[in-house]
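Novice: Structure supplied as input_14.pdb; contents: PDB, C-alpha atoms.
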```
ATOM      1  CA  MET U1248     -14.509   1.527 -17.229
ATOM      2  CA  THR U1249     -13.094   2.870 -13.980
ATOM      3  CA  ALA U1250      -9.321   2.651 -13.604
ATOM      4  CA  VAL U1251      -6.759   2.882 -10.813
ATOM      5  CA  LEU U1252      -3.340   4.399 -11.370
ATOM      6  CA  VAL U1253      -0.754   2.094  -9.794
ATOM      7  CA  ILE U1254       2.641   3.627  -9.016
ATOM      8  CA  ALA U1255       4.934   0.768  -8.015
ATOM      9  CA  GLY U1256       7.852  -1.483  -8.892
ATOM     10  CA  THR U1257       7.991  -4.693 -10.889
ATOM     11  CA  ASP U1258       8.627  -8.120  -9.358
ATOM     12  CA  SER U1259      10.287 -10.640 -11.670
ATOM     13  CA  SER U1260       8.906 -13.515  -9.575
ATOM     14  CA  GLY U1261       5.352 -12.299 -10.220
ATOM     15  CA  GLY U1262       4.344 -12.567  -6.578
ATOM     16  CA  ALA U1263       4.107  -8.912  -5.632
ATOM     17  CA  GLY U1264       4.394  -5.395  -6.999
ATOM     18  CA  LEU U1265       2.741  -4.323 -10.230
ATOM     19  CA  THR U1266       1.937  -7.879 -11.276
ATOM     20  CA  ARG U1267      -0.088  -8.472  -8.119
ATOM     21  CA  ASP U1268      -1.721  -5.033  -8.336
ATOM     22  CA  VAL U1269      -2.904  -5.523 -11.920
ATOM     23  CA  ALA U1270      -4.265  -9.003 -11.145
ATOM     24  CA  THR U1271      -6.132  -7.664  -8.125
ATOM     25  CA  LEU U1272      -7.690  -4.792 -10.037
ATOM     26  CA  ALA U1273      -8.738  -7.161 -12.827
ATOM     27  CA  HIS U1274     -10.434  -9.371 -10.225
ATOM     28  CA  PHE U1275     -12.637  -6.410  -9.300
ATOM     29  CA  GLY U1276     -13.283  -5.390 -12.903
ATOM     30  CA  VAL U1277     -11.081  -2.297 -12.702
ATOM     31  CA  GLU U1278      -8.508  -1.291 -15.308
ATOM     32  CA  ALA U1279      -4.917  -0.548 -14.323
ATOM     33  CA  LEU U1280      -2.939   2.498 -15.376
ATOM     34  CA  CYS U1281       0.728   1.966 -14.502
ATOM     35  CA  ALA U1282       3.745   4.087 -13.656
ATOM     36  CA  VAL U1283       6.866   2.024 -12.937
ATOM     37  CA  THR U1284       9.132   3.247 -10.145
ATOM     38  CA  ALA U1285      11.690   0.439 -10.169
ATOM     39  CA  VAL U1286      12.644  -2.854 -11.770
ATOM     40  CA  THR U1287      13.565  -5.549  -9.266
ATOM     41  CA  VAL U1288      15.310  -8.873  -9.715
ATOM     42  CA  GLN U1289      13.889 -11.234  -7.110
ATOM     43  CA  THR U1290      12.592 -14.685  -6.375
ATOM     44  CA  ASP U1291      10.310 -15.879  -3.614
ATOM     45  CA  ARG U1292      13.394 -16.088  -1.384
ATOM     46  CA  ALA U1293      15.561 -13.037  -2.062
ATOM     47  CA  VAL U1294      15.973  -9.682  -3.783
ATOM     48  CA  MET U1295      19.104  -9.741  -5.938
ATOM     49  CA  ALA U1296      19.002  -6.327  -7.611
ATOM     50  CA  VAL U1297      16.946  -3.131  -7.775
ATOM     51  CA  GLU U1298      17.148  -0.510 -10.527
ATOM     52  CA  LEU U1299      15.253   2.727  -9.854
ATOM     53  CA  LEU U1300      13.841   4.596 -12.819
ATOM     54  CA  PRO U1301      14.912   8.224 -13.368
ATOM     55  CA  PRO U1302      12.492  10.630 -11.615
ATOM     56  CA  PRO U1303      11.793  12.632 -14.823
ATOM     57  CA  LEU U1304      10.707   9.427 -16.569
ATOM     58  CA  LEU U1305       8.444   8.564 -13.642
ATOM     59  CA  ARG U1306       6.859  12.016 -13.688
ATOM     60  CA  ALA U1307       6.210  11.615 -17.421
ATOM     61  CA  GLN U1308       4.562   8.214 -16.861
ATOM     62  CA  ILE U1309       2.245   9.610 -14.179
ATOM     63  CA  GLY U1310       1.333  12.606 -16.313
ATOM     64  CA  ALA U1311       0.516  10.419 -19.304
ATOM     65  CA  ALA U1312      -1.565   8.026 -17.210
ATOM     66  CA  LEU U1313      -3.590  10.816 -15.610
ATOM     67  CA  ALA U1314      -4.131  12.441 -19.002
ATOM     68  CA  THR U1315      -6.404   9.526 -19.900
ATOM     69  CA  GLN U1316      -8.920  10.957 -17.379
ATOM     70  CA  ARG U1317     -10.073   7.430 -16.475
ATOM     71  CA  ALA U1318      -8.431   7.195 -13.054
ATOM     72  CA  GLY U1319     -10.803   6.890 -10.132
ATOM     73  CA  ALA U1320      -8.106   6.379  -7.499
ATOM     74  CA  ILE U1321      -4.328   6.083  -7.096
ATOM     75  CA  LYS U1322      -2.403   3.313  -5.351
ATOM     76  CA  ILE U1323       1.269   3.773  -4.460
ATOM     77  CA  GLY U1324       3.556   0.850  -3.677
ATOM     78  CA  MET U1325       7.350   0.554  -3.858
ATOM     79  CA  LEU U1326       9.160   3.872  -4.222
ATOM     80  CA  GLY U1327      12.811   3.146  -3.437
ATOM     81  CA  SER U1328      14.358   6.561  -2.798
ATOM     82  CA  ARG U1329      13.740  10.123  -1.714
ATOM     83  CA  GLY U1330      14.026  11.292  -5.314
ATOM     84  CA  ILE U1331      11.289   8.893  -6.416
ATOM     85  CA  VAL U1332       9.041   9.932  -3.500
ATOM     86  CA  GLU U1333       9.458  13.582  -4.409
ATOM     87  CA  ALA U1334       8.799  12.906  -8.103
ATOM     88  CA  VAL U1335       5.560  11.149  -7.201
ATOM     89  CA  ALA U1336       4.480  13.864  -4.768
ATOM     90  CA  ASP U1337       5.140  16.562  -7.372
ATOM     91  CA  SER U1338       3.038  14.685  -9.950
ATOM     92  CA  LEU U1339      -0.093  13.945  -7.927
ATOM     93  CA  PRO U1340      -3.332  15.795  -8.599
ATOM     94  CA  PRO U1341      -4.877  17.946  -5.838
ATOM     95  CA  PRO U1342      -6.112  15.911  -2.836
ATOM     96  CA  TRP U1343      -9.788  16.541  -3.516
ATOM     97  CA  GLN U1344      -9.649  15.041  -7.016
ATOM     98  CA  LEU U1345      -8.697  11.400  -6.401
ATOM     99  CA  PRO U1346      -8.422   9.149  -3.324
ATOM    100  CA  LEU U1347      -4.880   7.942  -2.657
ATOM    101  CA  VAL U1348      -3.892   4.638  -1.029
ATOM    102  CA  VAL U1349      -0.248   4.537   0.087
ATOM    103  CA  ASP U1350       1.252   1.127   0.844
ATOM    104  CA  PRO U1351       4.613   1.913   2.490
ATOM    105  CA  VAL U1352       6.764  -0.841   0.966
ATOM    106  CA  LEU U1353       9.884  -0.607   3.123
ATOM    107  CA  ALA U1354      11.295  -4.121   2.673
ATOM    108  CA  ALA U1355      10.547  -7.234   0.648
ATOM    109  CA  SER U1356       8.994 -10.164   2.485
ATOM    110  CA  SER U1357      11.810 -12.264   1.023
ATOM    111  CA  GLY U1358      14.379  -9.858   2.494
ATOM    112  CA  GLY U1359      16.019  -6.658   1.252
ATOM    113  CA  GLU U1360      15.436  -2.957   1.929
ATOM    114  CA  LEU U1361      13.184  -1.287  -0.636
ATOM    115  CA  LEU U1362      13.048   2.260   0.795
ATOM    116  CA  ASP U1363      15.988   3.867   2.574
ATOM    117  CA  ALA U1364      15.874   6.212   5.575
ATOM    118  CA  GLU U1365      15.802   9.377   3.447
ATOM    119  CA  GLY U1366      12.998   7.910   1.394
ATOM    120  CA  ARG U1367      10.991   7.094   4.521
ATOM    121  CA  LEU U1368      11.416  10.659   5.749
ATOM    122  CA  ALA U1369      10.239  12.027   2.407
ATOM    123  CA  LEU U1370       7.248   9.682   2.452
ATOM    124  CA  MET U1371       6.241  11.032   5.855
ATOM    125  CA  GLU U1372       6.752  14.637   4.766
ATOM    126  CA  ARG U1373       5.374  14.607   1.232
ATOM    127  CA  LEU U1374       2.940  11.708   0.820
ATOM    128  CA  LEU U1375       1.442  11.091   4.256
ATOM    129  CA  PRO U1376      -0.452  14.428   4.297
ATOM    130  CA  ARG U1377      -1.920  13.541   0.885
ATOM    131  CA  ALA U1378      -2.949   9.976   1.763
ATOM    132  CA  THR U1379      -6.583   8.985   1.989
ATOM    133  CA  LEU U1380      -5.308   5.745   3.523
ATOM    134  CA  LEU U1381      -1.904   4.464   4.650
ATOM    135  CA  THR U1382      -1.608   0.655   4.856
ATOM    136  CA  PRO U1383       1.464  -0.317   6.924
ATOM    137  CA  ASN U1384       1.977  -3.623   8.659
ATOM    138  CA  LEU U1385       2.901  -3.380  12.335
ATOM    139  CA  GLU U1386       6.648  -3.425  11.621
ATOM    140  CA  GLU U1387       6.336  -0.702   8.969
ATOM    141  CA  ALA U1388       4.213   1.495  11.231
ATOM    142  CA  ALA U1389       6.809   1.232  13.982
ATOM    143  CA  LEU U1390       9.659   2.012  11.588
ATOM    144  CA  LEU U1391       7.894   5.088  10.233
ATOM    145  CA  LEU U1392       7.305   6.348  13.772
ATOM    146  CA  GLY U1393      10.727   5.378  15.132
ATOM    147  CA  ALA U1394       9.067   3.194  17.764
ATOM    148  CA  ALA U1395       8.981  -0.447  18.826
ATOM    149  CA  PRO U1396       6.401  -2.622  17.028
ATOM    150  CA  ALA U1397       3.053  -2.549  18.799
ATOM    151  CA  THR U1398       1.720  -5.761  20.298
ATOM    152  CA  ALA U1399      -1.376  -4.929  22.350
ATOM    153  CA  ASP U1400      -4.523  -3.566  20.712
ATOM    154  CA  ALA U1401      -4.237  -0.243  22.550
ATOM    155  CA  GLU U1402      -0.662   0.212  21.315
ATOM    156  CA  ILE U1403      -1.675  -0.560  17.743
ATOM    157  CA  VAL U1404      -4.494   1.988  17.832
ATOM    158  CA  ALA U1405      -2.152   4.558  19.395
ATOM    159  CA  GLN U1406       0.331   4.132  16.545
ATOM    160  CA  GLY U1407      -2.482   4.499  14.029
ATOM    161  CA  ARG U1408      -3.514   7.745  15.685
ATOM    162  CA  ALA U1409       0.097   8.934  15.686
ATOM    163  CA  LEU U1410       0.314   8.381  11.925
ATOM    164  CA  CYS U1411      -2.974  10.236  11.454
ATOM    165  CA  ALA U1412      -1.547  13.075  13.516
ATOM    166  CA  ARG U1413       1.355  13.196  11.055
ATOM    167  CA  GLY U1414      -1.079  13.808   8.200
ATOM    168  CA  ALA U1415      -2.815  10.643   6.980
ATOM    169  CA  ALA U1416      -6.606  10.848   6.771
ATOM    170  CA  ALA U1417      -6.790   7.193   7.861
ATOM    171  CA  VAL U1418      -4.470   4.278   8.585
ATOM    172  CA  LEU U1419      -5.096   0.557   8.197
ATOM    173  CA  LEU U1420      -2.587  -1.276  10.392
ATOM    174  CA  LYS U1421      -2.139  -4.838   9.141
ATOM    175  CA  GLY U1422      -1.664  -7.495  11.797
ATOM    176  CA  GLY U1423      -1.028 -10.453   9.548
ATOM    177  CA  HIS U1424       2.512 -10.934  10.881
ATOM    178  CA  ALA U1425       1.372 -10.881  14.506
ATOM    179  CA  GLY U1426       0.548 -13.968  16.534
ATOM    180  CA  GLY U1427      -2.704 -15.258  17.981
ATOM    181  CA  PRO U1428      -5.732 -17.086  16.619
ATOM    182  CA  LEU U1429      -7.060 -14.070  14.709
ATOM    183  CA  ALA U1430      -5.542 -12.158  11.800
ATOM    184  CA  SER U1431      -6.669  -8.618  12.554
ATOM    185  CA  ASP U1432      -6.337  -5.265  10.840
ATOM    186  CA  TRP U1433      -7.197  -1.964  12.537
ATOM    187  CA  LEU U1434      -8.681   1.002  10.656
ATOM    188  CA  VAL U1435      -8.008   4.267  12.480
ATOM    189  CA  THR U1436      -9.252   7.590  11.110
ATOM    190  CA  ARG U1437      -8.223  11.172  11.766
ATOM    191  CA  GLU U1438     -11.671  11.769  13.283
ATOM    192  CA  GLY U1439     -10.964   9.108  15.912
ATOM    193  CA  ARG U1440     -13.012   6.198  14.551
ATOM    194  CA  VAL U1441     -11.573   2.716  15.036
ATOM    195  CA  ARG U1442     -12.730  -0.423  13.224
ATOM    196  CA  GLN U1443     -11.185  -3.864  13.617
ATOM    197  CA  PHE U1444     -11.382  -6.449  10.844
ATOM    198  CA  SER U1445     -10.628  -9.974  12.077
ATOM    199  CA  VAL U1446     -10.682 -13.448  10.553
ATOM    200  CA  PRO U1447      -9.373 -16.779  11.884
ATOM    201  CA  ARG U1448      -5.650 -17.025  11.212
ATOM    202  CA  LEU U1449      -4.820 -19.587   8.528
ATOM    203  CA  ALA U1450      -1.703 -21.755   8.486
ATOM    204  CA  ALA U1451      -0.586 -20.393   5.123
ATOM    205  CA  GLN U1452       1.920 -17.963   3.689
ATOM    206  CA  ARG U1453       1.648 -15.986   0.485
ATOM    207  CA  ARG U1454       3.706 -13.144  -0.955
ATOM    208  CA  GLY U1455       2.128  -9.992  -2.279
ATOM    209  CA  THR U1456      -0.867  -9.908   0.029
ATOM    210  CA  GLY U1457      -0.012  -6.376   1.175
ATOM    211  CA  CYS U1458       0.012  -5.237  -2.445
ATOM    212  CA  ALA U1459      -3.269  -7.058  -3.086
ATOM    213  CA  LEU U1460      -4.944  -5.521  -0.043
ATOM    214  CA  ALA U1461      -4.003  -1.942  -0.955
ATOM    215  CA  ALA U1462      -4.936  -2.439  -4.622
ATOM    216  CA  ALA U1463      -8.292  -3.951  -3.642
ATOM    217  CA  ILE U1464      -9.017  -0.970  -1.382
ATOM    218  CA  ALA U1465      -8.121   1.425  -4.203
ATOM    219  CA  ALA U1466     -10.490  -0.490  -6.485
ATOM    220  CA  GLY U1467     -13.254  -0.043  -3.923
ATOM    221  CA  LEU U1468     -12.603   3.681  -3.540
ATOM    222  CA  ALA U1469     -12.559   4.101  -7.317
ATOM    223  CA  ALA U1470     -16.005   2.461  -7.335
ATOM    224  CA  HIS U1471     -17.148   5.002  -4.707
ATOM    225  CA  LEU U1472     -17.408   2.537  -1.833
ATOM    226  CA  SER U1473     -16.984   3.967   1.642
ATOM    227  CA  LEU U1474     -13.532   3.538   3.154
ATOM    228  CA  GLU U1475     -14.782   0.999   5.703
ATOM    229  CA  LEU U1476     -16.592  -1.071   3.079
ATOM    230  CA  ALA U1477     -13.593  -0.925   0.728
ATOM    231  CA  CYS U1478     -11.330  -2.170   3.546
ATOM    232  CA  GLN U1479     -13.748  -4.936   4.523
ATOM    233  CA  ARG U1480     -14.092  -6.157   0.933
ATOM    234  CA  ALA U1481     -10.314  -6.086   0.478
ATOM    235  CA  LYS U1482      -9.823  -8.065   3.695
ATOM    236  CA  GLU U1483     -12.223 -10.724   2.407
ATOM    237  CA  HIS U1484     -10.341 -10.883  -0.897
ATOM    238  CA  VAL U1485      -6.955 -11.375   0.774
ATOM    239  CA  THR U1486      -8.406 -13.980   3.120
ATOM    240  CA  GLY U1487      -9.527 -15.866   0.024
ATOM    241  CA  LEU U1488      -5.965 -15.775  -1.330
ATOM    242  CA  PHE U1489      -4.678 -17.292   1.903
ATOM    243  CA  ARG U1490      -7.333 -20.013   1.735
ATOM    244  CA  GLN U1491      -6.070 -20.918  -1.748
ATOM    245  CA  SER U1492      -2.576 -21.371  -0.283
ATOM    246  CA  ALA U1493      -3.617 -23.248   2.864
TER     247      ALA U1493
END
```
As C-alpha cells - that is how I would like this structure written.
Specialist:
Amino acid sequence: MTAVLVIAGTDSSGGAGLTRDVATLAHFGVEALCAVTAVTVQTDRAVMAVELLPPPLLRAQIGAALATQRAGAIKIGMLGSRGIVEAVADSLPPPWQLPLVVDPVLAASSGGELLDAEGRLALMERLLPRATLLTPNLEEAALLLGAAPATADAEIVAQGRALCARGAAAVLLKGGHAGGPLASDWLVTREGRVRQFSVPRLAAQRRGTGCALAAAIAAGLAAHLSLELACQRAKEHVTGLFRQSA
C-alpha cells in the first residue's frame, strides 16, 4: 500500500496536526509514516505548551520512515524552530524522488506562535526550493513575504508568483479566512498557470482543515494524480468536513 511520510507535531485536542493527517490519509486509503517534530498541549481554544523534539531524534525518525521504501510523498506540517527546519531539510531525499507538500504552520488557529522568525527564514531558504507545493493561507503567505495580506484576486495571484519566484514549484493560497460568498483557493505554478477552486462559503468553523487539505493533496500525489486533480479532490474533501460541521 502507498504511504505518505508526515512530518508534523501532535495536537492533544485531536483537531489538527498528526492526528488530523493520519485520519485524512486513512480516508483516502493511504498509510501514514510519521516523524514527530513537537508535542503540543492545546485545546480548541488555546495552546498552553510546546515541546520541540531534539533535531537528531527527528532526523533518525525520518531516516527510519524512509527506509521502509513505501513512501510515495512527504507532507510537512508544524516545525517550530530553525533547528527543526534544518534537520528536516538535511533528511529529505533528492527532489526528483518524492513530491513534497509543505504546509507552513506558523500559528495555531486557537492562538499561539508555532514557528518563530528564524524558523520562517529557514523554511524559505531550505524547504521552499524543495517544495512541490506550498499551502499557505493568505495571512501565512503575507507573513512569509513580509507583505500585507492580499485581498483582491490579482494581489493573491501576485503573492503566489512571488513565492514561486523564491523557489516553490507551485503554491496553493487558501482563502478560507477571507470574506465573500465563495471560499476560494488559488493554485499558482512556477510556469505561470493559475487555477481557482471555489465553493459556496459555509457558515461553519472547523480546526485542522489546513492540515487535512495538505495531507489530502499528498495522498493524491502519492497515488500519481496530477497536482491540479490532487488539489481539486482535496478541496472537495475539506468542503465535506465543513458540511459536517455546518
Novice: With distances taken over only C-alpha atoms, which of U:Gly1439, U:Gly1310, U:Pro1428, U:Gly1407 is nearest to Leu1339 of chain U?
Specialist: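 Under the stated criterion, the closest residue is U:Gly1310.
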Novice: Run the PyMOL selection byres ((chain U and resi 1326) around 7) mentally over the shown coordinates, then write out the matched residues as an MDAnalysis selection string, using the chain letters and numbers from the document.
Specialist: chainID U and resid 1255 1284 1324:1325 1327:1328 1331:1332 1362
Novice: Can those selected residues be exported to a file as a PDB file, in the frame of the given file so that it contains C-alpha atoms?
Specialist:
```pdb
ATOM      1  CA  ALA U1255       4.934   0.768  -8.015  1.00  0.00           C
ATOM      2  CA  THR U1284       9.132   3.247 -10.145  1.00  0.00           C
ATOM      3  CA  GLY U1324       3.556   0.850  -3.677  1.00  0.00           C
ATOM      4  CA  MET U1325       7.350   0.554  -3.858  1.00  0.00           C
ATOM      5  CA  GLY U1327      12.811   3.146  -3.437  1.00  0.00           C
ATOM      6  CA  SER U1328      14.358   6.561  -2.798  1.00  0.00           C
ATOM      7  CA  ILE U1331      11.289   8.893  -6.416  1.00  0.00           C
ATOM      8  CA  VAL U1332       9.041   9.932  -3.500  1.00  0.00           C
ATOM      9  CA  LEU U1362      13.048   2.260   0.795  1.00  0.00           C
TER      10      LEU U1362
END
```
Novice: May I ask which of the residues U:Ala1388, U:Ala1415, U:Ala1399, U:Cys1458 is the closest one to Glu1372 of chain U, counting only C-alpha atoms?
Specialist: U:Ala1415
Novice: Any idea what's packed within 10 Å of Gln1479 of chain U, counting only C-alpha atoms, ignoring anything in its chain fewer than 4 positions away? Could you give it as a PyMOL selection string?
Specialist: chain U and resi 1432+1434+1442-1445+1460+1463-1464+1467+1473-1475+1483-1484
Novice: Keeping only C-alpha atoms, write those residues as a CSV table (one decimal), in the frame of the given file.
Specialist:
```csv
chain,number,residue,atom,x,y,z
U,1432,ASP,CA,-6.3,-5.3,10.8
U,1434,LEU,CA,-8.7,1.0,10.7
U,1442,ARG,CA,-12.7,-0.4,13.2
U,1443,GLN,CA,-11.2,-3.9,13.6
U,1444,PHE,CA,-11.4,-6.4,10.8
U,1445,SER,CA,-10.6,-10.0,12.1
U,1460,LEU,CA,-4.9,-5.5,0.0
U,1463,ALA,CA,-8.3,-4.0,-3.6
U,1464,ILE,CA,-9.0,-1.0,-1.4
U,1467,GLY,CA,-13.3,0.0,-3.9
U,1473,SER,CA,-17.0,4.0,1.6
U,1474,LEU,CA,-13.5,3.5,3.2
U,1475,GLU,CA,-14.8,1.0,5.7
U,1483,GLU,CA,-12.2,-10.7,2.4
U,1484,HIS,CA,-10.3,-10.9,-0.9
```
Novice: Restricting the calculation to only C-alpha atoms, which member of U:Leu1429, U:Leu1449, U:Val1251, U:Ala1462 is positioned closest to Gly1487 of chain U?
Specialist: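 Nearest to Gly1487 of chain U: U:Leu1449.
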Novice: In Å, rounded to a single decimal, give me how far atom CA of Ala1412 of chain U is from atom CA of Leu1375 of chain U.
Specialist: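 These two atoms are separated by 9.9 Å.
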Novice: The PyMOL selection byres ((chain U and resi 1254) around 10) - which residues does that actually catch in the file I just gave you? List them as a ChimeraX atom specification.
Specialist: /U:1251-1253,1255-1256,1264-1265,1268,1280-1285,1305,1308-1309,1321-1326,1335,1349
Novice: For the structure just given, write the atoms of segment 1292-1312 of chain U, namely C-alpha atoms, as an mmCIF file, in the first residue's frame.
Specialist:
```cif
data_model
loop_
_atom_site.group_PDB
_atom_site.id
_atom_site.type_symbol
_atom_site.label_atom_id
_atom_site.label_comp_id
_atom_site.auth_asym_id
_atom_site.auth_seq_id
_atom_site.Cartn_x
_atom_site.Cartn_y
_atom_site.Cartn_z
ATOM 1 C CA ARG U 1292 -9.259 27.447 22.380
ATOM 2 C CA ALA U 1293 -5.579 27.823 23.263
ATOM 3 C CA VAL U 1294 -2.050 26.445 23.067
ATOM 4 C CA MET U 1295 -0.657 26.027 26.579
ATOM 5 C CA ALA U 1296 2.739 24.448 25.923
ATOM 6 C CA VAL U 1297 5.005 23.277 23.100
ATOM 7 C CA GLU U 1298 7.956 20.905 23.472
ATOM 8 C CA LEU U 1299 10.175 20.547 20.394
ATOM 9 C CA LEU U 1300 11.909 17.236 19.842
ATOM 10 C CA PRO U 1301 15.721 17.198 19.556
ATOM 11 C CA PRO U 1302 16.808 17.558 15.895
ATOM 12 C CA PRO U 1303 18.953 14.368 15.977
ATOM 13 C CA LEU U 1304 15.913 12.369 17.101
ATOM 14 C CA LEU U 1305 13.841 13.893 14.306
ATOM 15 C CA ARG U 1306 16.485 13.045 11.714
ATOM 16 C CA ALA U 1307 16.518 9.456 12.993
ATOM 17 C CA GLN U 1308 12.714 9.228 12.718
ATOM 18 C CA ILE U 1309 12.749 10.472 9.117
ATOM 19 C CA GLY U 1310 15.558 8.110 8.170
ATOM 20 C CA ALA U 1311 13.760 5.125 9.672
ATOM 21 C CA ALA U 1312 10.478 6.027 7.980
#
```
